[in-house]
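Containing PDB, C-alpha atoms: model37.pdb.
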ATOM      1  CA  MET A   1      66.245 119.490 109.127
ATOM      2  CA  THR A   2      64.422 117.855 106.231
ATOM      3  CA  ASP A   3      66.414 116.798 103.214
ATOM      4  CA  SER A   4      65.697 118.736 100.029
ATOM      5  CA  PRO A   5      64.407 116.784  97.023
ATOM      6  CA  ARG A   6      67.225 115.013  95.228
ATOM      7  CA  PRO A   7      67.614 115.489  91.469
ATOM      8  CA  LYS A   8      66.850 112.478  89.302
ATOM      9  CA  ARG A   9      69.541 113.547  86.846
ATOM     10  CA  PRO A  10      72.159 115.217  89.049
ATOM     11  CA  ARG A  11      75.040 117.346  87.881
ATOM     12  CA  VAL A  12      78.119 115.135  88.433
ATOM     13  CA  VAL A  13      81.748 116.241  88.050
ATOM     14  CA  VAL A  14      84.372 113.504  87.603
ATOM     15  CA  THR A  15      87.937 114.659  88.199
ATOM     16  CA  ARG A  16      89.882 111.910  86.365
ATOM     17  CA  GLN A  17      89.274 109.675  83.353
ATOM     18  CA  LEU A  18      87.546 106.418  84.294
ATOM     19  CA  MET A  19      87.019 103.238  82.288
ATOM     20  CA  PRO A  20      85.117 103.920  79.009
ATOM     21  CA  HIS A  21      82.212 101.663  80.000
ATOM     22  CA  VAL A  22      81.836 103.518  83.303
ATOM     23  CA  GLU A  23      81.964 106.941  81.672
ATOM     24  CA  GLY A  24      79.423 105.835  79.075
ATOM     25  CA  ARG A  25      77.035 104.649  81.756
ATOM     26  CA  MET A  26      77.458 107.908  83.687
ATOM     27  CA  ALA A  27      76.651 109.900  80.571
ATOM     28  CA  GLU A  28      73.419 107.926  80.190
ATOM     29  CA  LEU A  29      72.334 108.395  83.799
ATOM     30  CA  PHE A  30      73.623 111.798  84.869
ATOM     31  CA  ASP A  31      74.367 115.306  83.675
ATOM     32  CA  VAL A  32      78.063 114.512  83.875
ATOM     33  CA  ALA A  33      81.216 116.540  83.266
ATOM     34  CA  LEU A  34      83.988 114.074  82.454
ATOM     35  CA  SER A  35      87.725 114.677  82.513
ATOM     36  CA  ALA A  36      88.926 115.300  78.961
ATOM     37  CA  ASN A  37      92.684 115.239  79.584
ATOM     38  CA  ASP A  38      92.984 113.225  82.821
ATOM     39  CA  HIS A  39      95.084 115.627  84.854
ATOM     40  CA  ALA A  40      94.966 116.090  88.605
ATOM     41  CA  PHE A  41      92.668 119.027  89.350
ATOM     42  CA  THR A  42      94.238 122.192  90.715
ATOM     43  CA  VAL A  43      92.796 123.877  93.793
ATOM     44  CA  ASP A  44      90.998 126.405  91.589
ATOM     45  CA  GLU A  45      89.561 123.641  89.409
ATOM     46  CA  LEU A  46      88.302 121.777  92.459
ATOM     47  CA  LYS A  47      86.698 124.934  93.811
ATOM     48  CA  ALA A  48      84.994 125.547  90.474
ATOM     49  CA  ALA A  49      83.780 121.948  90.392
ATOM     50  CA  VAL A  50      82.244 121.930  93.886
ATOM     51  CA  SER A  51      80.546 125.272  93.240
ATOM     52  CA  ASP A  52      78.547 123.839  90.338
ATOM     53  CA  CYS A  53      77.579 120.220  90.987
ATOM     54  CA  ASP A  54      75.328 117.974  93.028
ATOM     55  CA  VAL A  55      77.895 115.158  93.169
ATOM     56  CA  LEU A  56      81.678 115.260  93.014
ATOM     57  CA  VAL A  57      83.571 112.107  91.992
ATOM     58  CA  PRO A  58      87.188 112.599  93.105
ATOM     59  CA  THR A  59      90.110 110.187  93.345
ATOM     60  CA  VAL A  60      93.163 109.876  95.593
ATOM     61  CA  THR A  61      94.908 112.597  93.536
ATOM     62  CA  ASP A  62      92.374 115.209  94.717
ATOM     63  CA  ARG A  63      92.833 116.796  98.129
ATOM     64  CA  ILE A  64      89.310 117.672  99.257
ATOM     65  CA  ASP A  65      90.185 119.675 102.355
ATOM     66  CA  ALA A  66      88.198 122.193 104.383
ATOM     67  CA  GLU A  67      89.083 124.997 101.945
ATOM     68  CA  ILE A  68      87.582 123.090  99.020
ATOM     69  CA  ILE A  69      84.505 122.045 100.972
ATOM     70  CA  ASP A  70      83.982 125.626 102.155
ATOM     71  CA  ALA A  71      83.876 126.665  98.469
ATOM     72  CA  ALA A  72      81.081 124.195  97.720
ATOM     73  CA  SER A  73      77.631 125.439  96.873
ATOM     74  CA  GLU A  74      74.604 124.287  98.825
ATOM     75  CA  ARG A  75      73.689 121.921  95.994
ATOM     76  CA  LEU A  76      76.728 119.666  96.592
ATOM     77  CA  LYS A  77      75.378 116.835  98.733
ATOM     78  CA  LEU A  78      77.513 113.825  97.828
ATOM     79  CA  ILE A  79      81.226 113.213  97.370
ATOM     80  CA  ALA A  80      81.274 109.798  95.672
ATOM     81  CA  ASN A  81      84.936 108.875  95.919
ATOM     82  CA  PHE A  82      86.471 106.541  93.347
ATOM     83  CA  GLY A  83      88.569 104.292  95.601
ATOM     84  CA  ALA A  84      88.437 102.855  99.088
ATOM     85  CA  GLY A  85      90.776 105.257 100.887
ATOM     86  CA  VAL A  86      89.305 108.597 101.912
ATOM     87  CA  ASP A  87      92.240 110.122 103.794
ATOM     88  CA  HIS A  88      92.392 112.815 101.087
ATOM     89  CA  ILE A  89      88.915 114.039 102.075
ATOM     90  CA  ASP A  90      88.217 116.133 105.180
ATOM     91  CA  LEU A  91      85.351 114.015 106.469
ATOM     92  CA  ALA A  92      84.597 116.285 109.422
ATOM     93  CA  ALA A  93      84.312 119.359 107.181
ATOM     94  CA  ALA A  94      82.035 117.474 104.785
ATOM     95  CA  ARG A  95      79.863 116.236 107.626
ATOM     96  CA  ALA A  96      79.597 119.739 109.093
ATOM     97  CA  LYS A  97      78.280 121.014 105.764
ATOM     98  CA  GLY A  98      75.814 118.167 105.356
ATOM     99  CA  ILE A  99      77.709 116.486 102.523
ATOM    100  CA  MET A 100      77.672 112.690 102.388
ATOM    101  CA  VAL A 101      80.844 110.824 101.437
ATOM    102  CA  SER A 102      80.911 107.377  99.845
ATOM    103  CA  ASN A 103      83.768 105.169  98.699
ATOM    104  CA  THR A 104      84.313 101.891  96.834
ATOM    105  CA  PRO A 105      85.566  99.299  99.344
ATOM    106  CA  GLY A 106      86.416  95.707  98.524
ATOM    107  CA  VAL A 107      86.869  95.922  94.763
ATOM    108  CA  PHE A 108      90.669  96.220  94.885
ATOM    109  CA  THR A 109      91.286  93.670  97.645
ATOM    110  CA  GLU A 110      92.553  90.823  95.472
ATOM    111  CA  ASP A 111      94.491  93.132  93.141
ATOM    112  CA  THR A 112      96.332  94.837  95.993
ATOM    113  CA  ALA A 113      96.997  91.516  97.712
ATOM    114  CA  ASP A 114      98.464  90.143  94.471
ATOM    115  CA  MET A 115     100.767  93.162  94.159
ATOM    116  CA  THR A 116     101.796  92.862  97.797
ATOM    117  CA  MET A 117     102.682  89.218  97.325
ATOM    118  CA  ALA A 118     104.655  90.110  94.215
ATOM    119  CA  LEU A 119     106.731  92.549  96.281
ATOM    120  CA  ILE A 120     107.177  90.038  99.103
ATOM    121  CA  LEU A 121     108.688  87.662  96.548
ATOM    122  CA  SER A 122     110.587  90.272  94.537
ATOM    123  CA  VAL A 123     112.526  92.091  97.242
ATOM    124  CA  PRO A 124     114.253  89.179  99.049
ATOM    125  CA  ARG A 125     115.047  87.465  95.717
ATOM    126  CA  ARG A 126     116.413  90.721  94.213
ATOM    127  CA  LEU A 127     114.262  90.562  91.093
ATOM    128  CA  ALA A 128     114.560  94.272  90.282
ATOM    129  CA  GLU A 129     118.352  94.145  90.574
ATOM    130  CA  GLY A 130     118.454  91.077  88.357
ATOM    131  CA  GLU A 131     116.255  92.677  85.723
ATOM    132  CA  LYS A 132     118.473  95.772  85.653
ATOM    133  CA  LEU A 133     121.552  93.554  85.308
ATOM    134  CA  MET A 134     120.055  91.766  82.311
ATOM    135  CA  ARG A 135     119.156  95.021  80.558
ATOM    136  CA  SER A 136     122.614  96.467  81.227
ATOM    137  CA  GLY A 137     124.282  93.768  79.157
ATOM    138  CA  LYS A 138     126.744  93.090  81.977
ATOM    139  CA  TRP A 139     125.500  89.657  83.018
ATOM    140  CA  GLN A 140     128.377  87.171  82.849
ATOM    141  CA  GLY A 141     126.294  84.026  83.300
ATOM    142  CA  TRP A 142     125.344  81.812  86.219
ATOM    143  CA  ALA A 143     127.681  81.567  89.207
ATOM    144  CA  PRO A 144     127.212  79.803  92.585
ATOM    145  CA  SER A 145     127.634  83.020  94.568
ATOM    146  CA  ALA A 146     126.050  85.550  92.207
ATOM    147  CA  MET A 147     122.925  87.611  93.021
ATOM    148  CA  LEU A 148     122.162  85.705  96.203
ATOM    149  CA  GLY A 149     118.944  86.621  97.942
ATOM    150  CA  HIS A 150     116.916  85.064 100.737
ATOM    151  CA  ARG A 151     114.428  82.214 100.674
ATOM    152  CA  VAL A 152     110.858  83.345 101.365
ATOM    153  CA  GLY A 153     109.419  80.062 102.647
ATOM    154  CA  GLY A 154     109.818  79.577 106.362
ATOM    155  CA  LYS A 155     110.131  83.289 107.122
ATOM    156  CA  LEU A 156     107.914  85.177 109.569
ATOM    157  CA  LEU A 157     105.528  87.635 107.907
ATOM    158  CA  GLY A 158     104.280  90.487 110.087
ATOM    159  CA  ILE A 159     101.026  92.015 108.809
ATOM    160  CA  ILE A 160     100.035  95.439 110.136
ATOM    161  CA  GLY A 161      96.287  95.730 109.608
ATOM    162  CA  MET A 162      94.185  92.611 109.144
ATOM    163  CA  GLY A 163      91.232  93.921 107.181
ATOM    164  CA  ARG A 164      90.175  92.653 103.763
ATOM    165  CA  ILE A 165      93.572  93.151 102.132
ATOM    166  CA  GLY A 166      95.587  91.927 105.102
ATOM    167  CA  LEU A 167      93.549  88.723 105.176
ATOM    168  CA  ALA A 168      93.948  88.226 101.423
ATOM    169  CA  VAL A 169      97.719  88.678 101.750
ATOM    170  CA  ALA A 170      97.827  86.210 104.650
ATOM    171  CA  ARG A 171      96.092  83.531 102.576
ATOM    172  CA  ARG A 172      98.546  84.007  99.726
ATOM    173  CA  ALA A 173     101.570  84.129 101.996
ATOM    174  CA  ARG A 174     100.606  80.959 103.786
ATOM    175  CA  ALA A 175     100.637  79.133 100.454
ATOM    176  CA  PHE A 176     104.262  80.245 100.034
ATOM    177  CA  GLY A 177     105.203  78.808 103.408
ATOM    178  CA  LEU A 178     105.423  82.014 105.443
ATOM    179  CA  SER A 179     104.469  82.040 109.110
ATOM    180  CA  ILE A 180     101.620  84.537 109.644
ATOM    181  CA  HIS A 181     101.759  87.022 112.512
ATOM    182  CA  TYR A 182      99.667  90.183 112.699
ATOM    183  CA  HIS A 183      98.763  93.349 114.574
ATOM    184  CA  ASN A 184      95.268  94.783 114.337
ATOM    185  CA  ARG A 185      93.005  97.061 116.357
ATOM    186  CA  LYS A 186      90.788  94.047 116.991
ATOM    187  CA  ARG A 187      91.871  90.449 117.241
ATOM    188  CA  LEU A 188      90.465  88.109 114.599
ATOM    189  CA  PRO A 189      87.990  85.379 115.568
ATOM    190  CA  ALA A 190      89.696  82.191 116.722
ATOM    191  CA  ALA A 191      88.362  80.282 113.705
ATOM    192  CA  VAL A 192      90.046  82.704 111.295
ATOM    193  CA  GLU A 193      93.312  82.569 113.207
ATOM    194  CA  GLU A 194      93.172  78.796 113.082
ATOM    195  CA  GLU A 195      92.449  78.788 109.333
ATOM    196  CA  LEU A 196      95.478  80.996 108.658
ATOM    197  CA  GLY A 197      97.720  79.636 111.389
ATOM    198  CA  ALA A 198      97.970  83.292 112.428
ATOM    199  CA  SER A 199      99.402  84.637 115.684
ATOM    200  CA  TYR A 200      98.101  87.916 117.113
ATOM    201  CA  HIS A 201     100.340  90.592 118.647
ATOM    202  CA  ALA A 202      98.693  93.346 120.660
ATOM    203  CA  SER A 203     101.926  95.340 120.413
ATOM    204  CA  ILE A 204     103.088  96.542 117.011
ATOM    205  CA  ASP A 205     106.576  96.893 118.465
ATOM    206  CA  THR A 206     106.759  93.189 119.270
ATOM    207  CA  LEU A 207     105.590  92.320 115.765
ATOM    208  CA  LEU A 208     108.207  94.532 114.143
ATOM    209  CA  ARG A 209     111.028  93.099 116.255
ATOM    210  CA  ILE A 210     110.350  89.478 115.292
ATOM    211  CA  SER A 211     109.298  89.804 111.637
ATOM    212  CA  ASP A 212     111.431  88.851 108.646
ATOM    213  CA  VAL A 213     109.039  90.671 106.320
ATOM    214  CA  VAL A 214     106.672  93.458 107.423
ATOM    215  CA  THR A 215     103.730  94.437 105.217
ATOM    216  CA  ILE A 216     101.385  97.365 105.877
ATOM    217  CA  HIS A 217      97.626  97.186 105.279
ATOM    218  CA  CYS A 218      96.001  99.753 107.563
ATOM    219  CA  PRO A 219      94.336 102.996 106.448
ATOM    220  CA  HIS A 220      96.126 106.321 106.763
ATOM    221  CA  THR A 221      94.587 108.270 109.646
ATOM    222  CA  SER A 222      95.872 110.710 112.249
ATOM    223  CA  GLU A 223      96.579 107.684 114.467
ATOM    224  CA  THR A 224      98.556 105.783 111.827
ATOM    225  CA  HIS A 225     100.480 108.752 110.383
ATOM    226  CA  GLU A 226     104.181 107.763 110.464
ATOM    227  CA  MET A 227     103.239 104.890 112.740
ATOM    228  CA  VAL A 228     106.268 103.011 111.430
ATOM    229  CA  ASN A 229     108.684 105.635 112.740
ATOM    230  CA  ALA A 230     112.432 105.836 113.177
ATOM    231  CA  ALA A 231     112.446 104.061 116.536
ATOM    232  CA  ARG A 232     110.324 101.195 115.257
ATOM    233  CA  ILE A 233     112.389 100.813 112.094
ATOM    234  CA  ALA A 234     115.530 100.747 114.233
ATOM    235  CA  ALA A 235     114.040  97.879 116.241
ATOM    236  CA  MET A 236     113.498  95.687 113.161
ATOM    237  CA  LYS A 237     115.873  92.886 112.224
ATOM    238  CA  ARG A 238     118.788  93.891 110.027
ATOM    239  CA  THR A 239     117.687  91.126 107.665
ATOM    240  CA  ALA A 240     114.082  92.348 107.548
ATOM    241  CA  TYR A 241     112.181  93.712 104.545
ATOM    242  CA  LEU A 242     109.471  96.387 104.631
ATOM    243  CA  ILE A 243     106.567  96.229 102.155
ATOM    244  CA  ASN A 244     104.068  99.071 101.744
ATOM    245  CA  THR A 245     101.105  99.017  99.354
ATOM    246  CA  ALA A 246      98.808 101.018 101.678
ATOM    247  CA  ARG A 247      99.763 104.706 102.033
ATOM    248  CA  GLY A 248     103.217 106.264 102.037
ATOM    249  CA  GLU A 249     102.408 108.506 104.999
ATOM    250  CA  ILE A 250     102.121 105.517 107.361
ATOM    251  CA  VAL A 251     105.930 105.190 107.235
ATOM    252  CA  ASP A 252     108.482 107.820 108.219
ATOM    253  CA  GLU A 253     109.998 107.867 104.747
ATOM    254  CA  LYS A 254     113.209 109.678 105.708
ATOM    255  CA  ALA A 255     113.863 107.217 108.539
ATOM    256  CA  MET A 256     113.213 104.285 106.206
ATOM    257  CA  ILE A 257     115.624 105.662 103.605
ATOM    258  CA  ALA A 258     118.312 106.145 106.242
ATOM    259  CA  ALA A 259     117.830 102.560 107.423
ATOM    260  CA  LEU A 260     118.038 101.248 103.858
ATOM    261  CA  LYS A 261     121.180 103.246 103.150
ATOM    262  CA  THR A 262     123.019 101.996 106.231
ATOM    263  CA  GLY A 263     121.827  98.400 106.017
ATOM    264  CA  ARG A 264     119.785  98.777 109.193
ATOM    265  CA  ILE A 265     117.079  96.893 107.286
ATOM    266  CA  ALA A 266     117.727  94.692 104.268
ATOM    267  CA  GLY A 267     115.315  96.137 101.742
ATOM    268  CA  ALA A 268     111.883  97.490 100.894
ATOM    269  CA  GLY A 269     109.118  97.032  98.340
ATOM    270  CA  LEU A 270     107.061 100.194  97.818
ATOM    271  CA  ASP A 271     103.983 101.008  95.770
ATOM    272  CA  VAL A 272     103.134 104.220  97.661
ATOM    273  CA  TYR A 273     105.082 107.315  98.700
ATOM    274  CA  THR A 274     104.744 110.230 101.088
ATOM    275  CA  HIS A 275     104.674 112.954  98.441
ATOM    276  CA  GLU A 276     103.165 111.245  95.390
ATOM    277  CA  PRO A 277     103.803 111.591  92.529
ATOM    278  CA  ALA A 278     107.203 112.865  93.687
ATOM    279  CA  VAL A 279     109.594 110.115  94.795
ATOM    280  CA  ASP A 280     112.585 110.892  96.998
ATOM    281  CA  ALA A 281     115.760 110.902  94.882
ATOM    282  CA  ASP A 282     117.536 108.843  97.544
ATOM    283  CA  LEU A 283     114.999 106.046  97.061
ATOM    284  CA  LEU A 284     115.599 106.045  93.322
ATOM    285  CA  ALA A 285     119.323 105.572  93.902
ATOM    286  CA  LEU A 286     118.979 102.501  96.142
ATOM    287  CA  ASP A 287     119.460  98.987  94.767
ATOM    288  CA  ASN A 288     117.777  97.242  97.695
ATOM    289  CA  VAL A 289     114.355  98.726  96.971
ATOM    290  CA  VAL A 290     111.668  97.711  94.467
ATOM    291  CA  LEU A 291     109.677 100.795  93.427
ATOM    292  CA  LEU A 292     106.281 100.611  91.727
ATOM    293  CA  PRO A 293     104.098 103.514  90.476
ATOM    294  CA  HIS A 294     101.037 102.938  92.717
ATOM    295  CA  LEU A 295      99.954  99.837  90.804
ATOM    296  CA  GLY A 296      98.086  98.066  93.604
ATOM    297  CA  SER A 297      94.634  98.685  92.141
ATOM    298  CA  ALA A 298      95.699  98.950  88.515
ATOM    299  CA  THR A 299      93.610  96.225  86.897
ATOM    300  CA  ILE A 300      90.913  96.692  84.283
ATOM    301  CA  GLU A 301      88.533  94.538  86.314
ATOM    302  CA  GLY A 302      89.092  96.459  89.539
ATOM    303  CA  ARG A 303      88.777  99.875  87.990
ATOM    304  CA  GLU A 304      85.533  98.885  86.243
ATOM    305  CA  ALA A 305      84.122  97.482  89.484
ATOM    306  CA  SER A 306      85.068 100.645  91.363
ATOM    307  CA  GLY A 307      83.327 102.786  88.759
ATOM    308  CA  GLU A 308      80.199 100.646  89.020
ATOM    309  CA  LYS A 309      80.194 101.188  92.782
ATOM    310  CA  VAL A 310      80.440 104.938  92.280
ATOM    311  CA  ILE A 311      77.402 104.793  89.986
ATOM    312  CA  ALA A 312      75.474 102.655  92.481
ATOM    313  CA  ASN A 313      76.216 105.094  95.283
ATOM    314  CA  ILE A 314      75.046 108.068  93.219
ATOM    315  CA  ARG A 315      71.876 106.316  92.073
ATOM    316  CA  ALA A 316      70.980 105.289  95.614
ATOM    317  CA  TRP A 317      71.431 108.883  96.754
ATOM    318  CA  CYS A 318      69.289 110.166  93.869
ATOM    319  CA  ASP A 319      66.535 107.748  94.873
ATOM    320  CA  GLY A 320      66.511 109.140  98.408
ATOM    321  CA  HIS A 321      68.409 106.278  99.994
ATOM    322  CA  ARG A 322      71.665 106.135 101.861
ATOM    323  CA  PRO A 323      74.499 105.220  99.492
ATOM    324  CA  PRO A 324      75.440 101.575 100.125
ATOM    325  CA  ASP A 325      79.074 102.564 100.650
ATOM    326  CA  GLN A 326      78.536 105.737 102.679
ATOM    327  CA  VAL A 327      81.553 106.523 104.863
ATOM    328  CA  LEU A 328      80.183 106.860 108.361
ATOM    329  CA  GLU A 329      81.581 108.716 111.375
ATOM    330  CA  GLY A 330      84.467 106.861 112.941
ATOM    331  CA  TRP A 331      85.695 105.441 109.634
ATOM    332  CA  ALA A 332      89.266 104.144 109.737
TER     333      ALA A 332
END

Since I need it in another form, could you write the structure as structure tokens?
Amino acid sequence: MTDSPRPKRPRVVVTRQLMPHVEGRMAELFDVALSANDHAFTVDELKAAVSDCDVLVPTVTDRIDAEIIDAASERLKLIANFGAGVDHIDLAAARAKGIMVSNTPGVFTEDTADMTMALILSVPRRLAEGEKLMRSGKWQGWAPSAMLGHRVGGKLLGIIGMGRIGLAVARRARAFGLSIHYHNRKRLPAAVEEELGASYHASIDTLLRISDVVTIHCPHTSETHEMVNAARIAAMKRTAYLINTARGEIVDEKAMIAALKTGRIAGAGLDVYTHEPAVDADLLALDNVVLLPHLGSATIEGREASGEKVIANIRAWCDGHRPPDQVLEGWA
């Protein structure tokens, strides 16, 4: 089937507010409908959007499932996602309808790795608890046995997923004296392992059993959904910490909460949650958890770079080319 001519000034619907520079550039290049009040689109709003555009620019807050894609008009040919993760988009349904999907990989690597490292440092040293104590006005001054945490240097860091972000975390962690161990679908080249002093584990279960700190950096797919389940959490060290800046759904959240409550694991640092923006009330009540509001990519530089990638993907499509960041079959 031959592709129909692509509009030089396509109708583009953007679901959330982006950086002003990015929105200004979109207004110059496209017939764009921008988000005036920056709210997450409802199902009806998404259906209305896909029925009247050539390109949809959604974010992680938009669930583009088969129902939404089925409501799309024939003119919708590109979903240019703002962000690297596309687990909120039904890729098979889009492919079946001839709709391309692109994303913005790589631009948030350093930002997310920085936030991960901040959590790796914060949880064992009880920074959130200390900050709350200071604000409460109850601090009685320094004492030899007060607010004791655990040293980070010398501990074994288990990294689940050694893509761009996992590698960036490993480089940071090595500078803090952590021993790098990892699980990945594919083993890294020997030269990279040597550079990082990294040890590969084909079994995620082995990695979880030996790690002092576990950090998650794999995408959320059907294979990784609740991959860190109750049995695997139960096999972790009682002194271990769990860090998640990837996707909340990769962890069995209820099992993690139970383990945190009973001291089965020592603590957790979380930037993502299973039912965002809702956060389990039991998590909010725990002192041994650092909770962040999905800040991993929240830098001005990263958000501008992601917007520029969205524009580049749309322009390439308009010019009859494959978007440079098209999500291909088998993405994970």

field: Hits of the PyMOL selection byres ((chain A and resi 93-102) around 9) in this structure, as a PyMOL selection string
entry: chain A and resi 65-66+69-70+74+76-82+84+86+89-92+103-104+310+313-314+322-329

- request: Apply the PyMOL selection byres ((chain A and resi 228-233) around 8) to the displayed file and report the matching residues as a ChimeraX atom specification.
  value: /A:205,208,226-227,234-236,250-252,255-256,259,265

Once the PyMOL selection byres ((chain A and resi 59) around 12) has been applied to the shown file, what residues remain in the selection, as an mmCIF file with C-alpha atoms, in the coordinates of the input?
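Generated output (result-v8.cif):
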data_model
loop_
_atom_site.group_PDB
_atom_site.id
_atom_site.type_symbol
_atom_site.label_atom_id
_atom_site.label_comp_id
_atom_site.auth_asym_id
_atom_site.auth_seq_id
_atom_site.Cartn_x
_atom_site.Cartn_y
_atom_site.Cartn_z
ATOM 1 C CA VAL A 13 81.748 116.241 88.050
ATOM 2 C CA VAL A 14 84.372 113.504 87.603
ATOM 3 C CA THR A 15 87.937 114.659 88.199
ATOM 4 C CA ARG A 16 89.882 111.910 86.365
ATOM 5 C CA GLN A 17 89.274 109.675 83.353
ATOM 6 C CA LEU A 18 87.546 106.418 84.294
ATOM 7 C CA SER A 35 87.725 114.677 82.513
ATOM 8 C CA ASP A 38 92.984 113.225 82.821
ATOM 9 C CA HIS A 39 95.084 115.627 84.854
ATOM 10 C CA ALA A 40 94.966 116.090 88.605
ATOM 11 C CA PHE A 41 92.668 119.027 89.350
ATOM 12 C CA LEU A 46 88.302 121.777 92.459
ATOM 13 C CA LEU A 56 81.678 115.260 93.014
ATOM 14 C CA VAL A 57 83.571 112.107 91.992
ATOM 15 C CA PRO A 58 87.188 112.599 93.105
ATOM 16 C CA VAL A 60 93.163 109.876 95.593
ATOM 17 C CA THR A 61 94.908 112.597 93.536
ATOM 18 C CA ASP A 62 92.374 115.209 94.717
ATOM 19 C CA ARG A 63 92.833 116.796 98.129
ATOM 20 C CA ILE A 64 89.310 117.672 99.257
ATOM 21 C CA ILE A 79 81.226 113.213 97.370
ATOM 22 C CA ALA A 80 81.274 109.798 95.672
ATOM 23 C CA ASN A 81 84.936 108.875 95.919
ATOM 24 C CA PHE A 82 86.471 106.541 93.347
ATOM 25 C CA GLY A 83 88.569 104.292 95.601
ATOM 26 C CA ALA A 84 88.437 102.855 99.088
ATOM 27 C CA GLY A 85 90.776 105.257 100.887
ATOM 28 C CA VAL A 86 89.305 108.597 101.912
ATOM 29 C CA ASP A 87 92.240 110.122 103.794
ATOM 30 C CA HIS A 88 92.392 112.815 101.087
ATOM 31 C CA ILE A 89 88.915 114.039 102.075
ATOM 32 C CA SER A 102 80.911 107.377 99.845
ATOM 33 C CA ASN A 103 83.768 105.169 98.699
ATOM 34 C CA THR A 104 84.313 101.891 96.834
ATOM 35 C CA ARG A 303 88.777 99.875 87.990
ATOM 36 C CA SER A 306 85.068 100.645 91.363
ATOM 37 C CA GLY A 307 83.327 102.786 88.759
ATOM 38 C CA VAL A 310 80.440 104.938 92.280
#

task: Kindly provide, as a ChimeraX atom specification, the polymer residues lying within 12 Å of (97.1, 78.2, 111.2), counting all atoms listed in the file and using the coordinates exactly as they appear in the file.
output: /A:170-171,173-175,177-181,190-200

message: So that I can see what lies close to Phe30 (chain A), please list as a PyMOL selection string the residues with an atom at most 7 Å from it, counting all atoms listed in the file and leaving out residues fewer than 6 positions away in the same chain.
response: chain A and resi 9-12

Would you save the residues from that selection as a short mmCIF file (atom, residue, chain, number, x, y, z; two decimals), in the coordinates of the input, using C-alpha atoms?
data_model
loop_
_atom_site.label_atom_id
_atom_site.label_comp_id
_atom_site.auth_asym_id
_atom_site.auth_seq_id
_atom_site.Cartn_x
_atom_site.Cartn_y
_atom_site.Cartn_z
CA ARG A 9 69.54 113.55 86.85
CA PRO A 10 72.16 115.22 89.05
CA ARG A 11 75.04 117.35 87.88
CA VAL A 12 78.12 115.14 88.43
#

message: Need to verify the contact set: region 276-288 of chain A, 10 Å, all atoms listed in the file, exclusion of same-chain residues closer than 6 positions in sequence. Can you return it as a list in words?
response: Thr61, Val123, Pro124, Arg126, Ala128, Glu129, Lys132, Tyr241, Arg247, Gly248, Glu253, Lys254, Met256, Ile257, Ala258, Leu260, Lys261, Gly263, Ile265, Ala266, Gly267, Ala268, Gly269, Leu270 and His294 of chain A

- request: Have a look at A:Met134, A:Leu295, A:Ile120, A:Val55 and name the one nearest to Ala33 (chain A); count all atoms listed in the file.
  value: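 Of all the options, A:Val55 lies closest to Ala33 (chain A).
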
statement: One decimal place gives the CA of His201 (chain A)-CA of Met162 (chain A) separation as 11.5 Å

task: Report the distance between CA of Pro5 (chain A) and CA of Val43 (chain A) in Å, rounded to one decimal place.
output: 29.4 Å

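Residues with at least one atom no more than 12 Å from (83.6, 102.7, 80.1), using all atoms listed in the file, are A:Gln17, A:Leu18, A:Met19, A:Pro20, A:His21, A:Val22, A:Glu23, A:Gly24, A:Arg25, A:Met26, A:Ala27, A:Glu28, A:Leu34, A:Ile300, A:Glu301, A:Arg303, A:Glu304, A:Ala305, A:Ser306, A:Gly307, A:Glu308, A:Ile311.
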
Atomic distance CA of Glu249 (chain A) - CA of Ile216 (chain A), expressed in Å with one decimal: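 About the pair CA of Glu249 (chain A) and CA of Ile216 (chain A): they are 11.2 Å apart.
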
With 5 Å of padding per side, what axis-aligned box (centre and edge lengths, Å, one decimal) covers all the listed atoms of region 154-171 of chain A? Give it as AutoDock Vina command-line options.
--center_x 100.2 --center_y 87.7 --center_z 105.8 --size_x 30.0 --size_y 26.2 --size_z 18.7

- prompt: Any idea what's packed within 8 Å of Arg6 (chain A), counting only C-alpha atoms, ignoring anything in its chain fewer than 5 positions away? Could you give it as number ranges by chain?
  reply: A: 317-320

Would you mind putting N, CA and C atoms back on region 250-256 of chain A and writing the result as a PDB file, in the coordinates of the input?
ATOM      1  N   ILE A 250     102.113 106.384 106.173  1.00  0.00           N
ATOM      2  CA  ILE A 250     102.121 105.517 107.361  1.00  0.00           C
ATOM      3  C   ILE A 250     103.551 105.265 107.831  1.00  0.00           C
ATOM      4  N   VAL A 251     104.515 105.423 106.928  1.00  0.00           N
ATOM      5  CA  VAL A 251     105.930 105.190 107.235  1.00  0.00           C
ATOM      6  C   VAL A 251     106.670 106.526 107.260  1.00  0.00           C
ATOM      7  N   ASP A 252     107.564 106.680 108.224  1.00  0.00           N
ATOM      8  CA  ASP A 252     108.482 107.820 108.219  1.00  0.00           C
ATOM      9  C   ASP A 252     109.476 107.566 107.085  1.00  0.00           C
ATOM     10  N   GLU A 253     109.237 108.184 105.948  1.00  0.00           N
ATOM     11  CA  GLU A 253     109.998 107.867 104.747  1.00  0.00           C
ATOM     12  C   GLU A 253     111.485 108.187 104.894  1.00  0.00           C
ATOM     13  N   LYS A 254     111.805 109.309 105.513  1.00  0.00           N
ATOM     14  CA  LYS A 254     113.209 109.678 105.708  1.00  0.00           C
ATOM     15  C   LYS A 254     113.925 108.657 106.587  1.00  0.00           C
ATOM     16  N   ALA A 255     113.258 108.217 107.649  1.00  0.00           N
ATOM     17  CA  ALA A 255     113.863 107.217 108.539  1.00  0.00           C
ATOM     18  C   ALA A 255     114.053 105.893 107.812  1.00  0.00           C
ATOM     19  N   MET A 256     113.091 105.524 106.980  1.00  0.00           N
ATOM     20  CA  MET A 256     113.213 104.285 106.206  1.00  0.00           C
ATOM     21  C   MET A 256     114.384 104.367 105.236  1.00  0.00           C
TER      22      MET A 256
END
